[in-house]
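Asks: File data04.txt below, compact mmCIF, C-alpha atoms:
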# COMPACT_ATOMS: atom_id res chain seq x y z
CA MET A 20 -31.95 -16.41 -3.44
CA GLN A 21 -31.66 -13.09 -5.28
CA PHE A 22 -32.49 -11.22 -2.05
CA LYS A 23 -29.66 -13.02 -0.23
CA LEU A 24 -27.19 -12.18 -3.00
CA ALA A 25 -28.25 -8.52 -3.00
CA PHE A 26 -28.00 -8.36 0.79
CA ILE A 27 -24.53 -9.93 0.82
CA SER A 28 -23.34 -7.62 -1.97
CA ALA A 29 -24.62 -4.56 -0.11
CA ALA A 30 -23.00 -5.73 3.13
CA LEU A 31 -19.63 -6.26 1.43
CA ALA A 32 -19.80 -2.87 -0.27
CA THR A 33 -20.56 -1.22 3.08
CA LEU A 34 -17.65 -3.04 4.70
CA ALA A 35 -15.29 -1.93 1.94
CA LEU A 36 -16.38 1.69 2.33
CA ALA A 37 -16.06 1.51 6.10
CA SER A 38 -12.48 0.18 6.03
CA PRO A 39 -10.16 2.91 7.25
CA ALA A 40 -7.69 4.40 4.82
CA PRO A 41 -4.08 4.40 5.93
CA ARG A 42 -3.35 7.54 7.93
CA ASN A 43 -0.27 9.64 7.56
CA GLU A 44 2.22 9.05 10.35
CA PRO A 45 5.02 11.46 11.23
CA ALA A 46 8.22 10.62 9.35
CA SER A 47 10.02 10.34 12.69
CA SER A 48 7.92 7.27 13.54
CA CYS A 49 9.47 5.24 10.70
CA SER A 50 11.55 2.55 12.41
CA THR A 51 11.82 0.04 9.55
CA GLY A 52 14.30 1.90 7.38
CA PRO A 53 14.61 5.18 5.51
CA VAL A 54 11.51 7.11 4.53
CA GLN A 55 10.82 6.49 0.85
CA CYS A 56 9.38 8.73 -1.87
CA CYS A 57 7.37 6.54 -4.24
CA ASP A 58 6.12 7.53 -7.70
CA SER A 59 3.05 5.37 -7.16
CA VAL A 60 1.39 3.80 -4.12
CA GLN A 61 -1.29 1.10 -4.36
CA THR A 62 -3.42 -0.93 -1.99
CA ALA A 63 -2.86 -4.69 -2.02
CA SER A 64 -6.11 -5.16 -3.95
CA GLN A 65 -5.03 -2.61 -6.57
CA ALA A 66 -1.66 -4.36 -6.85
CA ALA A 67 -3.43 -7.71 -7.29
CA ALA A 68 -5.45 -6.26 -10.17
CA ASP A 69 -2.36 -4.88 -11.92
CA PRO A 70 -0.57 -7.67 -13.84
CA GLY A 71 2.75 -5.78 -13.88
CA THR A 72 2.79 -5.16 -10.12
CA LEU A 73 1.62 -8.69 -9.42
CA ALA A 74 4.43 -10.07 -11.59
CA LEU A 75 7.03 -7.93 -9.76
CA LEU A 76 5.75 -9.13 -6.39
CA GLY A 77 5.97 -12.72 -7.64
CA LEU A 78 9.56 -12.23 -8.81
CA ILE A 79 10.65 -11.13 -5.34
CA GLY A 80 8.68 -13.94 -3.69
CA VAL A 81 5.91 -11.84 -2.13
CA LEU A 82 2.43 -13.35 -2.09
CA ILE A 83 -0.21 -10.65 -2.47
CA GLY A 84 -2.26 -12.23 0.32
CA ASP A 85 0.65 -11.65 2.71
CA VAL A 86 0.86 -7.91 2.01
CA THR A 87 -0.34 -5.60 4.74
CA GLY A 88 -0.29 -1.89 4.14
CA LEU A 89 0.39 -0.30 0.80
CA VAL A 90 2.67 -1.24 -2.10
CA GLY A 91 5.06 1.47 -3.28
CA LEU A 92 6.46 1.50 -6.82
CA THR A 93 9.64 3.22 -8.00
CA CYS A 94 10.74 4.50 -4.60
CA SER A 95 13.84 6.36 -3.52
CA GLY A 96 15.14 7.28 -0.07
CA ILE A 97 14.53 10.70 1.44
CA ASN A 98 16.94 12.45 3.80
CA VAL A 99 14.31 13.59 6.32
CA ALA A 100 16.92 15.05 8.69
CA GLY A 101 18.25 17.19 5.86
CA GLY A 102 14.80 18.61 5.05
CA GLY A 103 14.15 16.22 2.17
CA THR A 104 11.02 16.62 0.09
CA CYS A 105 8.84 14.31 -1.96
CA SER A 106 6.73 15.42 -4.91
CA SER A 107 4.78 12.14 -4.93
CA GLN A 108 3.96 9.99 -1.87
CA ALA A 109 6.26 9.78 1.15
CA VAL A 110 5.97 6.39 2.87
CA CYS A 111 7.57 4.20 5.52
CA CYS A 112 7.77 0.56 4.35
CA THR A 113 8.58 -2.69 6.11
CA ASP A 114 10.33 -4.17 3.06
CA ASN A 115 12.51 -2.01 0.81
CA ALA A 116 14.72 -4.90 -0.27
CA THR A 117 14.43 -4.44 -4.03
CA GLY A 118 16.44 -1.25 -4.44
CA GLY A 119 13.39 0.99 -4.85
CA LEU A 120 11.63 -0.91 -7.62
CA ILE A 121 8.89 -2.09 -5.29
CA SER A 122 8.36 -1.67 -1.54
CA VAL A 123 5.71 -3.45 0.54
CA GLY A 124 4.03 -2.87 3.86
CA CYS A 125 4.04 0.90 3.37
CA VAL A 126 2.31 3.55 5.46
CA PRO A 127 2.03 7.19 4.29
CA VAL A 128 4.13 9.63 6.31
CA THR A 129 4.14 13.39 6.71
CA LEU A 130 7.48 15.06 6.12
What's the structure tokens form of this structure?
Replies:
Amino acid sequence: MQFKLAFISAALATLALASPAPRNEPASSCSTGPVQCCDSVQTASQAAADPGTLALLGLIGVLIGDVTGLVGLTCSGINVAGGGTCSSQAVCCTDNATGGLISVGCVPVTL
């Protein structure tokens, strides 16, 4: 029994390490809205472990299990055409409906 548990734990750890990290896409590929500059970007599992982020997601009706991509916190739009810059993390998100407080379905972009 202990061997099975150790084997399963090792397999899950290997799977977690092998999962690809989101890759930066060119800002021009963002077709879901304006490119955002977020103060903080988290994976869905990090967001689920953070009570504050989880509460915010709940308030806007987002179930953490439904989130694909990253979760951006405290985001603002960037004028990419005007040579905009971002000192934190530039992302393209599928849902920016909360006025920058929280954005979901984000993918890092290169400006």
Asks: Pick out the closest residue to Cys111 of chain A from this set: A:Val128, A:Leu75, A:Val90, A:Ile83. Count all atoms listed in the file.
Replies: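 Of the candidates, the smallest distance to Cys111 of chain A is held by A:Val128.
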Asks: Please, what distance in Å, to one decimal, runs between atom CA of Asn115 of chain A and atom CA of Asn43 of chain A?
Replies: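 These two atoms are separated by 18.6 Å.
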Asks: Taking into account all atoms listed in the file, which residue in the set A:Ile79, A:Ala67, A:Val60, A:Ala46 is nearest to Gly124 of chain A?
Replies: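 The shortest atom-to-atom distance to Gly124 of chain A comes from A:Val60.
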Asks: Find the residue from A:Ser122, A:Thr104, A:Asn98, A:Thr93 that sits nearest to Asp58 of chain A; use only C-alpha atoms when measuring.
Replies: A:Thr93
Asks: State, in Å with one decimal place, the distance from atom CA of Pro53 of chain A to atom CA of Leu92 of chain A.
Replies: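 Calculated distance between atom CA of Pro53 of chain A and atom CA of Leu92 of chain A is 15.2 Å.
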Asks: I need the residue nearest Cys105 of chain A from this list: A:Cys125, A:Leu130, A:Ala66, A:Leu73. Use only C-alpha atoms for the distance.
Replies: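 Nearest to Cys105 of chain A: A:Leu130.
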Asks: Measuring between all atoms listed in the file, which one of A:Leu82, A:Ala68, A:Ala74, A:Cys112 shows the shortest distance to Gln55 of chain A?
Replies: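 Distance minimum relative to Gln55 of chain A lands on A:Cys112.
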Asks: Smallest atom-to-atom distance to Ser50 of chain A: which of A:Thr113, A:Leu89, A:Ala100, A:Gly119, using only C-alpha atoms?
Replies: A:Thr113
Asks: To one decimal place in Å, what is the distance between atom CA of Gly102 of chain A and atom CA of Cys49 of chain A?
Replies: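 Between atom CA of Gly102 of chain A and atom CA of Cys49 of chain A the gap works out to 15.5 Å.
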Asks: Which protein, DNA or RNA residues have an atom at most 7 Å from (-1.6, -1.9, -1.0), counting all atoms listed in the file? List them as a PyMOL selection string.
Replies: chain A and resi 61-66+87-90
Asks: Because some atoms of segment 82-118 of chain A are absent here, can you restore N, CA and C atoms and send them as a PDB file, in the frame of the given file?
Replies:
ATOM      1  N   LEU A  82       3.792 -12.955  -1.763  1.00  0.00           N
ATOM      2  CA  LEU A  82       2.430 -13.350  -2.090  1.00  0.00           C
ATOM      3  C   LEU A  82       1.510 -12.194  -1.742  1.00  0.00           C
ATOM      4  N   ILE A  83       0.646 -11.815  -2.665  1.00  0.00           N
ATOM      5  CA  ILE A  83      -0.210 -10.650  -2.470  1.00  0.00           C
ATOM      6  C   ILE A  83      -1.074 -10.797  -1.230  1.00  0.00           C
ATOM      7  N   GLY A  84      -1.455 -12.009  -0.877  1.00  0.00           N
ATOM      8  CA  GLY A  84      -2.260 -12.230   0.320  1.00  0.00           C
ATOM      9  C   GLY A  84      -1.504 -11.936   1.606  1.00  0.00           C
ATOM     10  N   ASP A  85      -0.177 -11.924   1.535  1.00  0.00           N
ATOM     11  CA  ASP A  85       0.650 -11.650   2.710  1.00  0.00           C
ATOM     12  C   ASP A  85       0.919 -10.161   2.908  1.00  0.00           C
ATOM     13  N   VAL A  86       0.545  -9.337   1.943  1.00  0.00           N
ATOM     14  CA  VAL A  86       0.860  -7.910   2.010  1.00  0.00           C
ATOM     15  C   VAL A  86      -0.108  -7.197   2.934  1.00  0.00           C
ATOM     16  N   THR A  87       0.447  -6.502   3.905  1.00  0.00           N
ATOM     17  CA  THR A  87      -0.340  -5.600   4.740  1.00  0.00           C
ATOM     18  C   THR A  87       0.178  -4.194   4.471  1.00  0.00           C
ATOM     19  N   GLY A  88      -0.690  -3.242   4.480  1.00  0.00           N
ATOM     20  CA  GLY A  88      -0.290  -1.890   4.140  1.00  0.00           C
ATOM     21  C   GLY A  88      -0.330  -1.683   2.646  1.00  0.00           C
ATOM     22  N   LEU A  89       0.385  -0.681   2.206  1.00  0.00           N
ATOM     23  CA  LEU A  89       0.390  -0.300   0.800  1.00  0.00           C
ATOM     24  C   LEU A  89       1.609  -0.852   0.083  1.00  0.00           C
ATOM     25  N   VAL A  90       1.554  -0.829  -1.248  1.00  0.00           N
ATOM     26  CA  VAL A  90       2.670  -1.240  -2.100  1.00  0.00           C
ATOM     27  C   VAL A  90       3.172   0.010  -2.804  1.00  0.00           C
ATOM     28  N   GLY A  91       4.452   0.307  -2.640  1.00  0.00           N
ATOM     29  CA  GLY A  91       5.060   1.470  -3.280  1.00  0.00           C
ATOM     30  C   GLY A  91       5.860   1.046  -4.500  1.00  0.00           C
ATOM     31  N   LEU A  92       5.743   1.799  -5.581  1.00  0.00           N
ATOM     32  CA  LEU A  92       6.460   1.500  -6.820  1.00  0.00           C
ATOM     33  C   LEU A  92       7.414   2.644  -7.167  1.00  0.00           C
ATOM     34  N   THR A  93       8.591   2.284  -7.623  1.00  0.00           N
ATOM     35  CA  THR A  93       9.640   3.220  -8.000  1.00  0.00           C
ATOM     36  C   THR A  93       9.896   4.217  -6.869  1.00  0.00           C
ATOM     37  N   CYS A  94      10.506   3.711  -5.818  1.00  0.00           N
ATOM     38  CA  CYS A  94      10.740   4.500  -4.600  1.00  0.00           C
ATOM     39  C   CYS A  94      12.228   4.847  -4.463  1.00  0.00           C
ATOM     40  N   SER A  95      12.463   5.967  -3.830  1.00  0.00           N
ATOM     41  CA  SER A  95      13.840   6.360  -3.520  1.00  0.00           C
ATOM     42  C   SER A  95      13.854   6.919  -2.100  1.00  0.00           C
ATOM     43  N   GLY A  96      14.996   6.812  -1.447  1.00  0.00           N
ATOM     44  CA  GLY A  96      15.140   7.280  -0.070  1.00  0.00           C
ATOM     45  C   GLY A  96      15.080   8.798   0.023  1.00  0.00           C
ATOM     46  N   ILE A  97      14.607   9.260   1.171  1.00  0.00           N
ATOM     47  CA  ILE A  97      14.530  10.700   1.440  1.00  0.00           C
ATOM     48  C   ILE A  97      15.376  10.982   2.684  1.00  0.00           C
ATOM     49  N   ASN A  98      16.173  12.020   2.633  1.00  0.00           N
ATOM     50  CA  ASN A  98      16.940  12.450   3.800  1.00  0.00           C
ATOM     51  C   ASN A  98      16.057  13.392   4.610  1.00  0.00           C
ATOM     52  N   VAL A  99      15.257  12.810   5.522  1.00  0.00           N
ATOM     53  CA  VAL A  99      14.310  13.590   6.320  1.00  0.00           C
ATOM     54  C   VAL A  99      15.044  14.585   7.205  1.00  0.00           C
ATOM     55  N   ALA A 100      16.161  14.171   7.793  1.00  0.00           N
ATOM     56  CA  ALA A 100      16.920  15.050   8.690  1.00  0.00           C
ATOM     57  C   ALA A 100      17.453  16.274   7.942  1.00  0.00           C
ATOM     58  N   GLY A 101      17.724  16.094   6.662  1.00  0.00           N
ATOM     59  CA  GLY A 101      18.250  17.190   5.860  1.00  0.00           C
ATOM     60  C   GLY A 101      17.160  18.024   5.201  1.00  0.00           C
ATOM     61  N   GLY A 102      15.908  17.826   5.620  1.00  0.00           N
ATOM     62  CA  GLY A 102      14.800  18.610   5.050  1.00  0.00           C
ATOM     63  C   GLY A 102      14.359  18.106   3.703  1.00  0.00           C
ATOM     64  N   GLY A 103      14.527  16.801   3.451  1.00  0.00           N
ATOM     65  CA  GLY A 103      14.150  16.220   2.170  1.00  0.00           C
ATOM     66  C   GLY A 103      12.686  16.427   1.833  1.00  0.00           C
ATOM     67  N   THR A 104      12.393  16.451   0.555  1.00  0.00           N
ATOM     68  CA  THR A 104      11.020  16.620   0.090  1.00  0.00           C
ATOM     69  C   THR A 104      10.638  15.473  -0.835  1.00  0.00           C
ATOM     70  N   CYS A 105       9.349  15.348  -1.066  1.00  0.00           N
ATOM     71  CA  CYS A 105       8.840  14.310  -1.960  1.00  0.00           C
ATOM     72  C   CYS A 105       7.690  14.902  -2.750  1.00  0.00           C
ATOM     73  N   SER A 106       7.785  14.863  -4.079  1.00  0.00           N
ATOM     74  CA  SER A 106       6.730  15.420  -4.910  1.00  0.00           C
ATOM     75  C   SER A 106       5.612  14.406  -5.178  1.00  0.00           C
ATOM     76  N   SER A 107       5.809  13.166  -4.751  1.00  0.00           N
ATOM     77  CA  SER A 107       4.780  12.140  -4.930  1.00  0.00           C
ATOM     78  C   SER A 107       4.255  11.726  -3.570  1.00  0.00           C
ATOM     79  N   GLN A 108       4.471  10.475  -3.150  1.00  0.00           N
ATOM     80  CA  GLN A 108       3.960   9.990  -1.870  1.00  0.00           C
ATOM     81  C   GLN A 108       5.109   9.538  -0.975  1.00  0.00           C
ATOM     82  N   ALA A 109       5.260  10.184   0.171  1.00  0.00           N
ATOM     83  CA  ALA A 109       6.260   9.780   1.150  1.00  0.00           C
ATOM     84  C   ALA A 109       5.674   8.660   1.998  1.00  0.00           C
ATOM     85  N   VAL A 110       6.448   7.564   2.142  1.00  0.00           N
ATOM     86  CA  VAL A 110       5.970   6.390   2.870  1.00  0.00           C
ATOM     87  C   VAL A 110       7.083   5.799   3.730  1.00  0.00           C
ATOM     88  N   CYS A 111       6.673   5.014   4.705  1.00  0.00           N
ATOM     89  CA  CYS A 111       7.570   4.200   5.520  1.00  0.00           C
ATOM     90  C   CYS A 111       7.162   2.762   5.237  1.00  0.00           C
ATOM     91  N   CYS A 112       8.095   1.929   4.776  1.00  0.00           N
ATOM     92  CA  CYS A 112       7.770   0.560   4.350  1.00  0.00           C
ATOM     93  C   CYS A 112       8.532  -0.467   5.173  1.00  0.00           C
ATOM     94  N   THR A 113       7.923  -1.625   5.359  1.00  0.00           N
ATOM     95  CA  THR A 113       8.580  -2.690   6.110  1.00  0.00           C
ATOM     96  C   THR A 113       9.565  -3.475   5.262  1.00  0.00           C
ATOM     97  N   ASP A 114       9.424  -3.419   3.928  1.00  0.00           N
ATOM     98  CA  ASP A 114      10.330  -4.170   3.060  1.00  0.00           C
ATOM     99  C   ASP A 114      10.723  -3.313   1.865  1.00  0.00           C
ATOM    100  N   ASN A 115      11.956  -2.811   1.902  1.00  0.00           N
ATOM    101  CA  ASN A 115      12.510  -2.010   0.810  1.00  0.00           C
ATOM    102  C   ASN A 115      13.643  -2.761   0.121  1.00  0.00           C
ATOM    103  N   ALA A 116      13.580  -4.070   0.116  1.00  0.00           N
ATOM    104  CA  ALA A 116      14.720  -4.900  -0.270  1.00  0.00           C
ATOM    105  C   ALA A 116      15.013  -4.942  -1.764  1.00  0.00           C
ATOM    106  N   THR A 117      14.215  -4.301  -2.594  1.00  0.00           N
ATOM    107  CA  THR A 117      14.430  -4.440  -4.030  1.00  0.00           C
ATOM    108  C   THR A 117      15.074  -3.217  -4.670  1.00  0.00           C
ATOM    109  N   GLY A 118      15.728  -2.392  -3.882  1.00  0.00           N
ATOM    110  CA  GLY A 118      16.440  -1.250  -4.440  1.00  0.00           C
ATOM    111  C   GLY A 118      15.515  -0.161  -4.969  1.00  0.00           C
TER     112      GLY A 118
END
